[in-house]
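A.B. asks: If it helps, the file is called run.csv and holds CSV, C-alpha atoms:
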```csv
chain,number,residue,atom,x,y,z
U,1,MET,CA,0.0,0.0,0.0
U,2,LYS,CA,1.2,3.5,-0.8
U,3,TYR,CA,1.8,5.4,2.4
U,4,TYR,CA,2.9,8.7,1.1
U,5,HIS,CA,2.3,11.5,-1.5
U,6,GLU,CA,5.5,12.6,-3.2
U,7,LYS,CA,6.9,15.0,-5.8
U,8,THR,CA,10.3,15.5,-7.2
U,9,LEU,CA,11.4,19.1,-7.4
U,10,LYS,CA,13.8,19.9,-10.2
U,11,GLY,CA,16.2,22.8,-10.4
U,12,VAL,CA,16.1,23.6,-6.7
U,13,SER,CA,18.8,22.9,-4.0
U,14,PHE,CA,18.1,20.7,-1.1
U,15,GLU,CA,17.9,23.7,1.3
U,16,GLU,CA,15.5,25.5,-1.1
U,17,ALA,CA,13.2,22.4,-1.2
U,18,ILE,CA,13.1,22.4,2.6
U,19,GLN,CA,12.2,26.0,2.7
U,20,LYS,CA,9.5,25.6,0.0
U,21,VAL,CA,7.8,22.7,1.8
U,22,THR,CA,8.1,24.4,5.2
U,23,ASP,CA,6.3,27.5,3.8
U,24,ALA,CA,3.7,25.4,2.1
U,25,LEU,CA,3.0,23.4,5.3
U,26,LYS,CA,2.6,26.7,7.2
U,27,GLU,CA,-0.1,27.8,4.8
U,28,GLU,CA,-2.1,24.7,5.7
U,29,GLY,CA,-1.6,25.3,9.5
U,30,PHE,CA,1.3,22.9,10.1
U,31,GLY,CA,4.4,24.0,12.0
U,32,ILE,CA,7.7,22.1,11.8
U,33,LEU,CA,8.4,20.8,15.3
U,34,THR,CA,11.2,18.5,14.7
U,35,GLU,CA,13.9,18.1,12.1
U,36,ILE,CA,16.0,15.0,12.0
U,37,ASP,CA,19.1,15.1,9.8
U,38,VAL,CA,19.4,11.4,8.7
U,39,LYS,CA,22.7,12.0,6.8
U,40,GLU,CA,24.3,13.6,9.8
U,41,THR,CA,23.0,11.0,12.3
U,42,LEU,CA,24.3,8.1,10.1
U,43,LYS,CA,27.7,9.8,9.7
U,44,LYS,CA,28.0,10.5,13.4
U,45,LYS,CA,26.8,7.1,14.6
U,46,LEU,CA,28.1,4.7,11.9
U,47,ASP,CA,30.6,6.8,10.0
U,48,GLU,CA,28.5,6.0,6.8
U,49,ASP,CA,28.1,8.5,4.0
U,50,PHE,CA,24.5,9.0,3.1
U,51,ARG,CA,22.7,11.3,0.6
U,52,PRO,CA,21.1,14.5,2.0
U,53,TYR,CA,18.0,13.2,3.8
U,54,LYS,CA,15.9,15.0,6.4
U,55,ILE,CA,12.7,14.1,8.3
U,56,LEU,CA,10.6,17.1,9.1
U,57,GLY,CA,7.9,16.5,11.8
U,58,ALA,CA,4.9,18.6,11.0
U,59,CYS,CA,2.1,19.3,13.4
U,60,ASN,CA,-1.3,21.0,13.0
U,61,PRO,CA,-2.3,21.6,16.7
U,62,PRO,CA,-6.1,21.6,16.3
U,63,PHE,CA,-5.9,18.3,14.4
U,64,ALA,CA,-3.4,16.8,16.8
U,65,HIS,CA,-5.6,17.7,19.7
U,66,LYS,CA,-8.7,16.2,18.1
U,67,ALA,CA,-6.8,13.0,17.1
U,68,LEU,CA,-5.5,12.6,20.7
U,69,LEU,CA,-9.0,13.0,22.2
U,70,ALA,CA,-10.2,10.3,19.8
U,71,GLU,CA,-7.3,7.9,20.4
U,72,ASP,CA,-5.0,8.1,23.4
U,73,LYS,CA,-2.0,6.5,21.8
U,74,ILE,CA,-2.1,8.4,18.5
U,75,GLY,CA,1.1,10.0,19.6
U,76,ALA,CA,2.7,6.9,18.1
U,77,MET,CA,2.0,8.5,14.7
U,78,LEU,CA,2.7,12.1,15.5
U,79,PRO,CA,4.0,14.3,14.2
U,80,CYS,CA,3.2,13.9,10.6
U,81,ASN,CA,6.4,13.2,8.8
U,82,VAL,CA,7.5,14.9,5.6
U,83,ILE,CA,10.8,13.6,4.2
U,84,VAL,CA,13.1,15.5,1.9
U,85,GLN,CA,15.9,13.7,0.1
U,86,GLN,CA,18.3,14.3,-2.7
U,87,VAL,CA,17.6,12.0,-5.6
U,88,ASP,CA,19.3,11.7,-9.0
U,89,ASP,CA,16.9,14.0,-10.9
U,90,GLY,CA,16.2,16.5,-8.2
U,91,VAL,CA,15.0,16.8,-4.6
U,92,GLU,CA,12.2,14.4,-3.6
U,93,VAL,CA,9.6,15.6,-1.0
U,94,ALA,CA,7.2,13.0,0.4
U,95,ALA,CA,4.5,13.4,3.1
U,96,VAL,CA,2.9,10.6,5.0
U,97,ASP,CA,-0.6,9.5,4.0
U,98,PRO,CA,-2.2,9.5,7.4
U,99,LEU,CA,-5.1,7.3,6.2
U,100,ALA,CA,-2.5,4.6,5.4
U,101,SER,CA,-0.5,5.0,8.5
U,102,MET,CA,-3.5,5.0,10.7
U,103,GLN,CA,-4.9,1.9,9.1
U,104,ALA,CA,-3.8,-0.2,12.0
U,105,VAL,CA,-6.0,1.8,14.3
U,106,ASP,CA,-9.5,0.7,14.3
U,107,ASN,CA,-11.3,3.9,15.2
U,108,LYS,CA,-13.9,5.6,13.0
U,109,ASP,CA,-13.6,9.0,14.6
U,110,LEU,CA,-9.9,9.0,13.9
U,111,ALA,CA,-10.4,8.0,10.3
U,112,VAL,CA,-12.5,11.1,9.7
U,113,ILE,CA,-9.7,13.3,11.1
U,114,ALA,CA,-7.1,11.4,9.2
U,115,GLU,CA,-9.0,12.0,6.0
U,116,GLU,CA,-9.0,15.8,6.6
U,117,ILE,CA,-5.2,15.8,7.3
U,118,GLN,CA,-4.6,13.7,4.3
U,119,SER,CA,-6.3,16.2,2.0
U,120,LYS,CA,-4.3,19.0,3.5
U,121,LEU,CA,-0.9,17.2,3.1
U,122,GLU,CA,-1.8,16.1,-0.4
U,123,SER,CA,-2.5,19.7,-1.4
U,124,VAL,CA,0.8,20.8,0.2
U,125,ILE,CA,2.7,18.3,-2.0
U,126,GLU,CA,0.8,19.0,-5.1
U,127,GLY,CA,1.3,22.8,-4.7
U,128,LEU,CA,5.1,22.5,-4.5
X,1,MET,CA,-9.5,19.0,33.3
X,2,SER,CA,-12.8,19.6,31.6
X,3,ASP,CA,-14.7,16.7,30.1
X,4,LYS,CA,-14.3,18.0,26.6
X,5,ASN,CA,-10.6,17.2,26.9
X,6,LYS,CA,-11.1,13.7,28.2
X,7,ILE,CA,-9.1,11.3,26.1
X,8,ALA,CA,-10.8,8.2,24.7
X,9,LYS,CA,-9.7,4.6,25.2
X,10,GLU,CA,-8.1,4.9,28.6
X,11,ASN,CA,-9.5,1.6,29.7
X,12,TYR,CA,-6.6,-0.6,30.9
X,13,LYS,CA,-7.4,-3.7,28.9
X,14,GLU,CA,-8.0,-1.8,25.7
X,15,SER,CA,-4.9,0.2,26.2
X,16,MET,CA,-2.7,-2.9,26.7
X,17,GLU,CA,-4.1,-4.6,23.7
X,18,THR,CA,-3.7,-1.7,21.2
X,19,SER,CA,-2.8,-3.2,17.9
X,20,TYR,CA,-0.1,-0.7,16.9
X,21,CYS,CA,1.7,-0.2,20.3
X,22,ILE,CA,3.3,-2.2,23.0
X,23,SER,CA,2.6,-0.7,26.4
X,24,LYS,CA,3.4,-0.9,30.1
X,25,ARG,CA,1.9,1.0,33.1
X,26,PHE,CA,3.8,2.1,36.1
X,27,GLY,CA,2.6,3.2,39.5
X,28,SER,CA,5.8,3.9,41.2
X,29,MET,CA,7.6,6.7,39.3
X,30,THR,CA,7.1,10.4,38.6
X,31,PHE,CA,6.6,11.7,35.1
X,32,GLN,CA,10.1,13.0,34.9
X,33,GLU,CA,11.5,9.6,36.1
X,34,ALA,CA,9.4,7.8,33.5
X,35,ILE,CA,11.1,10.0,30.9
X,36,ASP,CA,14.6,9.4,32.3
X,37,TYR,CA,14.2,5.7,32.9
X,38,SER,CA,12.7,5.2,29.4
X,39,LYS,CA,15.6,7.1,27.8
X,40,LYS,CA,18.2,5.0,29.8
X,41,ALA,CA,16.5,1.7,29.0
X,42,PHE,CA,16.3,2.4,25.3
X,43,GLU,CA,19.8,3.8,25.1
X,44,ASN,CA,21.1,0.6,26.7
X,45,ASN,CA,19.4,-1.3,23.9
X,46,GLY,CA,21.0,0.6,21.0
X,47,PHE,CA,18.5,3.5,20.6
X,48,GLU,CA,19.2,7.1,20.7
X,49,VAL,CA,16.7,9.9,21.4
X,50,VAL,CA,16.5,12.0,18.3
X,51,MET,CA,13.3,13.8,19.1
X,52,HIS,CA,11.6,15.1,22.2
X,53,PHE,CA,8.1,16.6,21.9
X,54,ASP,CA,6.0,17.8,24.8
X,55,LEU,CA,2.6,17.6,23.3
X,56,GLN,CA,0.8,18.8,26.5
X,57,ASN,CA,2.9,22.0,26.4
X,58,HIS,CA,2.4,22.4,22.7
X,59,ILE,CA,-1.4,22.1,22.9
X,60,LYS,CA,-1.5,24.5,25.8
X,61,LYS,CA,0.7,27.1,24.0
X,62,LYS,CA,-1.0,26.8,20.6
X,63,LEU,CA,-4.7,26.2,21.6
X,64,ASP,CA,-4.8,27.1,25.3
X,65,GLU,CA,-6.3,23.7,26.0
X,66,ASP,CA,-5.4,21.6,29.0
X,67,ILE,CA,-4.7,17.9,28.4
X,68,ARG,CA,-2.9,15.5,30.6
X,69,ARG,CA,0.9,15.2,30.6
X,70,TYR,CA,1.9,13.7,27.3
X,71,THR,CA,5.5,13.5,25.9
X,72,LEU,CA,6.8,11.8,22.9
X,73,LEU,CA,10.4,10.6,22.5
X,74,GLY,CA,11.6,9.7,19.0
X,75,MET,CA,14.1,6.8,19.2
X,76,CYS,CA,16.4,5.8,16.5
X,77,ASN,CA,18.7,2.8,16.2
X,78,ALA,CA,21.1,4.0,13.5
X,79,ALA,CA,22.2,0.5,12.4
X,80,LEU,CA,18.6,-0.6,11.9
X,81,ALA,CA,17.6,2.7,10.3
X,82,ILE,CA,20.3,2.5,7.6
X,83,ASP,CA,19.3,-1.1,6.8
X,84,ALA,CA,15.7,0.0,6.5
X,85,LEU,CA,16.6,3.0,4.3
X,86,SER,CA,18.5,0.8,2.0
X,87,VAL,CA,15.5,-1.5,1.3
X,88,GLU,CA,12.9,1.3,1.2
X,89,ASN,CA,14.0,4.9,0.5
X,90,LYS,CA,10.9,6.5,1.9
X,91,VAL,CA,10.9,4.6,5.2
X,92,GLY,CA,11.9,7.9,6.9
X,93,ILE,CA,8.2,8.6,6.9
X,94,MET,CA,7.9,6.0,9.6
X,95,LEU,CA,10.9,7.0,11.6
X,96,PRO,CA,11.8,7.5,14.3
X,97,CYS,CA,10.1,4.9,16.6
X,98,ASN,CA,8.0,6.9,19.1
X,99,ILE,CA,7.7,6.3,22.8
X,100,ILE,CA,4.7,7.9,24.4
X,101,ILE,CA,4.9,8.7,28.0
X,102,GLN,CA,1.5,9.8,29.4
X,103,GLU,CA,-0.6,10.2,32.5
X,104,THR,CA,-3.6,7.9,32.6
X,105,GLY,CA,-7.0,8.4,34.0
X,106,GLU,CA,-5.9,6.7,37.2
X,107,GLU,CA,-4.1,8.9,39.7
X,108,GLY,CA,-0.4,8.2,39.9
X,109,VAL,CA,-0.3,5.7,37.1
X,110,LEU,CA,1.8,6.4,34.0
X,111,GLU,CA,1.9,4.6,30.8
X,112,VAL,CA,4.9,4.1,28.5
X,113,ALA,CA,3.9,2.9,25.1
X,114,VAL,CA,6.2,2.2,22.1
X,115,THR,CA,5.1,2.1,18.4
X,116,ASP,CA,5.0,-1.5,17.2
X,117,PRO,CA,7.3,-1.2,14.2
X,118,LEU,CA,5.8,-4.4,12.7
X,119,ALA,CA,2.4,-2.8,12.6
X,120,ALA,CA,3.8,0.5,11.3
X,121,LEU,CA,5.9,-1.1,8.6
X,122,GLU,CA,3.3,-3.6,7.4
X,123,ILE,CA,1.7,-0.9,5.2
X,124,ALA,CA,4.9,-0.7,3.1
X,125,ASP,CA,4.4,-4.3,1.9
X,126,ASN,CA,8.1,-5.0,1.7
X,127,GLY,CA,9.3,-8.4,3.0
X,128,LYS,CA,12.8,-7.3,3.8
X,129,LEU,CA,11.5,-4.3,5.8
X,130,LYS,CA,9.2,-6.7,7.7
X,131,SER,CA,12.1,-8.7,9.0
X,132,LEU,CA,13.9,-5.5,10.1
X,133,GLY,CA,10.7,-4.5,11.8
X,134,LYS,CA,10.7,-7.8,13.7
X,135,ARG,CA,14.3,-7.2,14.9
X,136,ALA,CA,13.4,-3.6,15.9
X,137,LYS,CA,10.3,-4.9,17.8
X,138,ASP,CA,12.3,-7.4,19.8
X,139,GLN,CA,14.8,-4.7,20.8
X,140,LEU,CA,12.0,-2.2,21.7
X,141,GLN,CA,10.2,-4.8,23.7
X,142,LYS,CA,13.4,-5.7,25.6
X,143,ALA,CA,14.0,-2.0,26.3
X,144,LEU,CA,10.4,-1.5,27.5
X,145,ASN,CA,10.8,-4.4,29.9
X,146,GLU,CA,13.9,-2.7,31.3
X,147,VAL,CA,12.2,0.6,32.1
X,148,GLU,CA,11.1,-0.8,35.4
X,149,HIS,CA,14.5,-2.2,36.2
X,150,GLN,CA,16.0,1.3,36.0
X,151,ASN,CA,13.5,2.2,38.7
X,152,ASN,CA,14.4,-0.8,40.9
X,153,LYS,CA,18.1,0.0,40.7
X,154,LEU,CA,17.7,3.3,42.4
```
What is this file in C-alpha cells?

C.D. replies:
Amino acid sequence: MKYYHEKTLKGVSFEEAIQKVTDALKEEGFGILTEIDVKETLKKKLDEDFRPYKILGACNPPFAHKALLAEDKIGAMLPCNVIVQQVDDGVEVAAVDPLASMQAVDNKDLAVIAEEIQSKLESVIEGL
Amino acid sequence: MSDKNKIAKENYKESMETSYCISKRFGSMTFQEAIDYSKKAFENNGFEVVMHFDLQNHIKKKLDEDIRRYTLLGMCNAALAIDALSVENKVGIMLPCNIIIQETGEEGVLEVAVTDPLAALEIADNGKLKSLGKRAKDQLQKALNEVEHQNNKL
C-alpha cells in the first residue's frame, strides 16, 4: 500500500526544497516541530556517508488535539512526517498519508480526522 | 481538566491490547522519572533519542487547551535505520520509533507505550522491511521491559 504522496522538485537545491515545503505546510496550518538530519546522524553514529535526507515532523495543533482526544496512543503516529531527500533527478519531497499509517488503528472518529489531514498534506505536496 | 478534553480509550485492557503499540503501566515513578528511565533503557538497547516533543505543552501554547501530561520521545537505532533505508528509501516517513509517556485516568499511574514497528511497517508491503521490523520490535520490547528495572536499581 502506498503510504505517502510525493513529488520530485527539479532545479532547486536541497535547502530550497526544505524552505519551500516548510512554507507550504505553514499555509495549511502545520508547523515544523522536529527536524532529523538522517545524513548527519548516520555519519556520526556509523561513519557512513548517506545522501542528504531530512525528516521534518509537522504538526497541526487543532488536528493533533482532536486526534488525541479520539485515540489516546495516537502520539505513536505524531508528528506527521515529511521527508526531503536528494535523488538523481532533483529533490524528492514525500509526506505521510495518514489514512494509510492510521490503518492499523480501528477507530472511526480518527479515520474522519485522518482524511482531513490527508487532503491538507496532499495539497501541500501538489502545490510545490 | 474539563470533560471535553477527556481522552478516549483509557480503559486498561483496551490500552494494553492496542494493535499498533506495546505498552506498560507504572505506578511507582514520577513523570520525569518515567522519561529518564525510558531514555536510559532504550539507550542501553542501542537506541538514541532524536526527538523530544512535549505535546501537552504544545497544545497549551497553541490552543490554550489543557490535556494530561503527554510527551513523545523519538528513538532511532542507526544501524537498523540505515538497513531499512537501503531497502525502502521512503521509510523515513515512519521514523523514528516513538515512545509515548502519558498520564492515565488513574491517579499516579503512568503509561509508557512504544510504536509497534511491525504494525507500522506492514503498510509498506516490503518483505525485507518486515524482517527488520521484527528485529526492531524485539529490541524495543526488551528495552520497555527494562524501564522498570531502571527504577528498581535506584

A.B. asks: I'd like to know which of X:Asn57, X:Thr71, X:Ser15, X:Ser28 is closest to His149 in chain X, using only C-alpha atoms.

C.D. replies: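 That would be X:Ser28, the residue with the smallest distance to His149 in chain X.
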
A.B. asks: Would you list the contacts of His65 in chain U as a PyMOL selection string, taking every protein, DNA or RNA residue within 12 Å and counting only C-alpha atoms, but skipping same-chain residues closer than 2 positions in sequence?

C.D. replies: (chain U and resi 59-63+67-75+78-79+110+113) or (chain X and resi 4-8+55-60+62-68+70)

A.B. asks: Measure the distance from CA of Asp49 in chain U to CA of Ala79 in chain X in Å and round it to one decimal.

C.D. replies: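 Interatomic distance here is 13.0 Å.
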
A.B. asks: Using all atoms listed in the file, I'd like every residue of chain U that has an atom within 8 Å of chain X; please write them out as a ChimeraX atom specification.

C.D. replies: /U:1-4,33-34,36,41-42,45-46,55,61-62,65,68-73,75-77,81-83,94-96,100-101,104-105

A.B. asks: How far is it from CA of Val84 in chain U to CA of Gly57 in chain U, in Å with one decimal?

C.D. replies: 11.2 Å

A.B. asks: Just need range 63-102 of chain X in a file, please: N, CA and C atoms, as a tab-separated table (two decimals), in the first residue's frame.

C.D. replies:
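To be explicit, this is the file written out as part_8.tsv:
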```tsv
chain	number	residue	atom	x	y	z
X	63	LEU	N	-3.21	26.22	21.58
X	63	LEU	CA	-4.67	26.24	21.60
X	63	LEU	C	-5.25	26.64	22.94
X	64	ASP	N	-4.38	26.84	23.92
X	64	ASP	CA	-4.81	27.11	25.29
X	64	ASP	C	-5.79	26.06	25.81
X	65	GLU	N	-5.52	24.81	25.48
X	65	GLU	CA	-6.34	23.70	25.99
X	65	GLU	C	-5.49	22.89	26.96
X	66	ASP	N	-6.13	22.40	28.01
X	66	ASP	CA	-5.41	21.58	28.99
X	66	ASP	C	-5.64	20.10	28.71
X	67	ILE	N	-4.56	19.40	28.46
X	67	ILE	CA	-4.67	17.94	28.36
X	67	ILE	C	-3.72	17.36	29.40
X	68	ARG	N	-3.80	16.05	29.62
X	68	ARG	CA	-2.91	15.47	30.61
X	68	ARG	C	-1.46	15.47	30.10
X	69	ARG	N	-0.55	15.18	30.98
X	69	ARG	CA	0.86	15.20	30.56
X	69	ARG	C	1.09	14.14	29.48
X	70	TYR	N	1.79	14.54	28.45
X	70	TYR	CA	1.91	13.67	27.27
X	70	TYR	C	3.18	14.07	26.52
X	71	THR	N	4.17	13.22	26.59
X	71	THR	CA	5.45	13.52	25.94
X	71	THR	C	5.83	12.41	24.97
X	72	LEU	N	6.36	12.82	23.84
X	72	LEU	CA	6.83	11.84	22.85
X	72	LEU	C	8.35	11.89	22.79
X	73	LEU	N	8.96	10.72	22.77
X	73	LEU	CA	10.39	10.63	22.52
X	73	LEU	C	10.56	9.85	21.22
X	74	GLY	N	11.33	10.38	20.29
X	74	GLY	CA	11.59	9.66	19.05
X	74	GLY	C	12.91	8.93	19.18
X	75	MET	N	12.87	7.60	19.03
X	75	MET	CA	14.06	6.79	19.24
X	75	MET	C	14.56	6.23	17.91
X	76	CYS	N	15.85	6.29	17.74
X	76	CYS	CA	16.41	5.76	16.49
X	76	CYS	C	17.58	4.84	16.78
X	77	ASN	N	17.55	3.69	16.15
X	77	ASN	CA	18.69	2.79	16.19
X	77	ASN	C	19.35	2.94	14.81
X	78	ALA	N	20.49	3.61	14.78
X	78	ALA	CA	21.09	4.00	13.49
X	78	ALA	C	21.37	2.79	12.59
X	79	ALA	N	21.82	1.69	13.18
X	79	ALA	CA	22.16	0.51	12.37
X	79	ALA	C	20.90	-0.06	11.70
X	80	LEU	N	19.81	-0.12	12.46
X	80	LEU	CA	18.56	-0.62	11.87
X	80	LEU	C	18.01	0.38	10.86
X	81	ALA	N	18.17	1.68	11.17
X	81	ALA	CA	17.63	2.70	10.28
X	81	ALA	C	18.31	2.67	8.91
X	82	ILE	N	19.62	2.50	8.90
X	82	ILE	CA	20.33	2.51	7.60
X	82	ILE	C	19.95	1.26	6.79
X	83	ASP	N	19.77	0.14	7.46
X	83	ASP	CA	19.33	-1.07	6.75
X	83	ASP	C	17.94	-0.86	6.16
X	84	ALA	N	17.07	-0.25	6.96
X	84	ALA	CA	15.69	-0.01	6.50
X	84	ALA	C	15.68	0.96	5.31
X	85	LEU	N	16.51	2.01	5.39
X	85	LEU	CA	16.56	2.99	4.29
X	85	LEU	C	17.11	2.37	3.02
X	86	SER	N	17.97	1.38	3.17
X	86	SER	CA	18.55	0.79	1.97
X	86	SER	C	17.55	-0.14	1.27
X	87	VAL	N	16.54	-0.63	1.97
X	87	VAL	CA	15.53	-1.45	1.29
X	87	VAL	C	14.27	-0.67	0.92
X	88	GLU	N	14.12	0.51	1.51
X	88	GLU	CA	12.90	1.31	1.24
X	88	GLU	C	13.27	2.78	1.44
X	89	ASN	N	13.46	3.52	0.35
X	89	ASN	CA	14.03	4.87	0.51
X	89	ASN	C	13.10	5.86	1.19
X	90	LYS	N	11.79	5.54	1.25
X	90	LYS	CA	10.89	6.49	1.90
X	90	LYS	C	10.50	6.04	3.32
X	91	VAL	N	11.26	5.12	3.87
X	91	VAL	CA	10.92	4.61	5.20
X	91	VAL	C	11.07	5.68	6.28
X	92	GLY	N	11.80	6.75	5.96
X	92	GLY	CA	11.93	7.87	6.90
X	92	GLY	C	10.59	8.42	7.35
X	93	ILE	N	9.56	8.19	6.51
X	93	ILE	CA	8.21	8.63	6.85
X	93	ILE	C	7.74	7.95	8.14
X	94	MET	N	8.29	6.76	8.41
X	94	MET	CA	7.85	6.04	9.62
X	94	MET	C	8.90	6.09	10.73
X	95	LEU	N	9.90	6.92	10.55
X	95	LEU	CA	10.94	7.02	11.57
X	95	LEU	C	10.81	8.36	12.29
X	96	PRO	N	11.29	8.54	13.50
X	96	PRO	CA	11.82	7.47	14.34
X	96	PRO	C	10.68	6.66	14.98
X	97	CYS	N	11.04	5.68	15.80
X	97	CYS	CA	10.05	4.93	16.58
X	97	CYS	C	9.69	5.78	17.79
X	98	ASN	N	8.42	6.03	17.97
X	98	ASN	CA	8.01	6.88	19.09
X	98	ASN	C	7.77	6.12	20.38
X	99	ILE	N	8.16	6.75	21.47
X	99	ILE	CA	7.74	6.29	22.80
X	99	ILE	C	6.76	7.35	23.29
X	100	ILE	N	5.63	6.92	23.79
X	100	ILE	CA	4.67	7.87	24.37
X	100	ILE	C	4.71	7.70	25.87
X	101	ILE	N	4.94	8.78	26.58
X	101	ILE	CA	4.86	8.74	28.03
X	101	ILE	C	3.68	9.63	28.41
X	102	GLN	N	2.68	9.04	29.05
X	102	GLN	CA	1.49	9.83	29.37
X	102	GLN	C	0.90	9.46	30.71
```
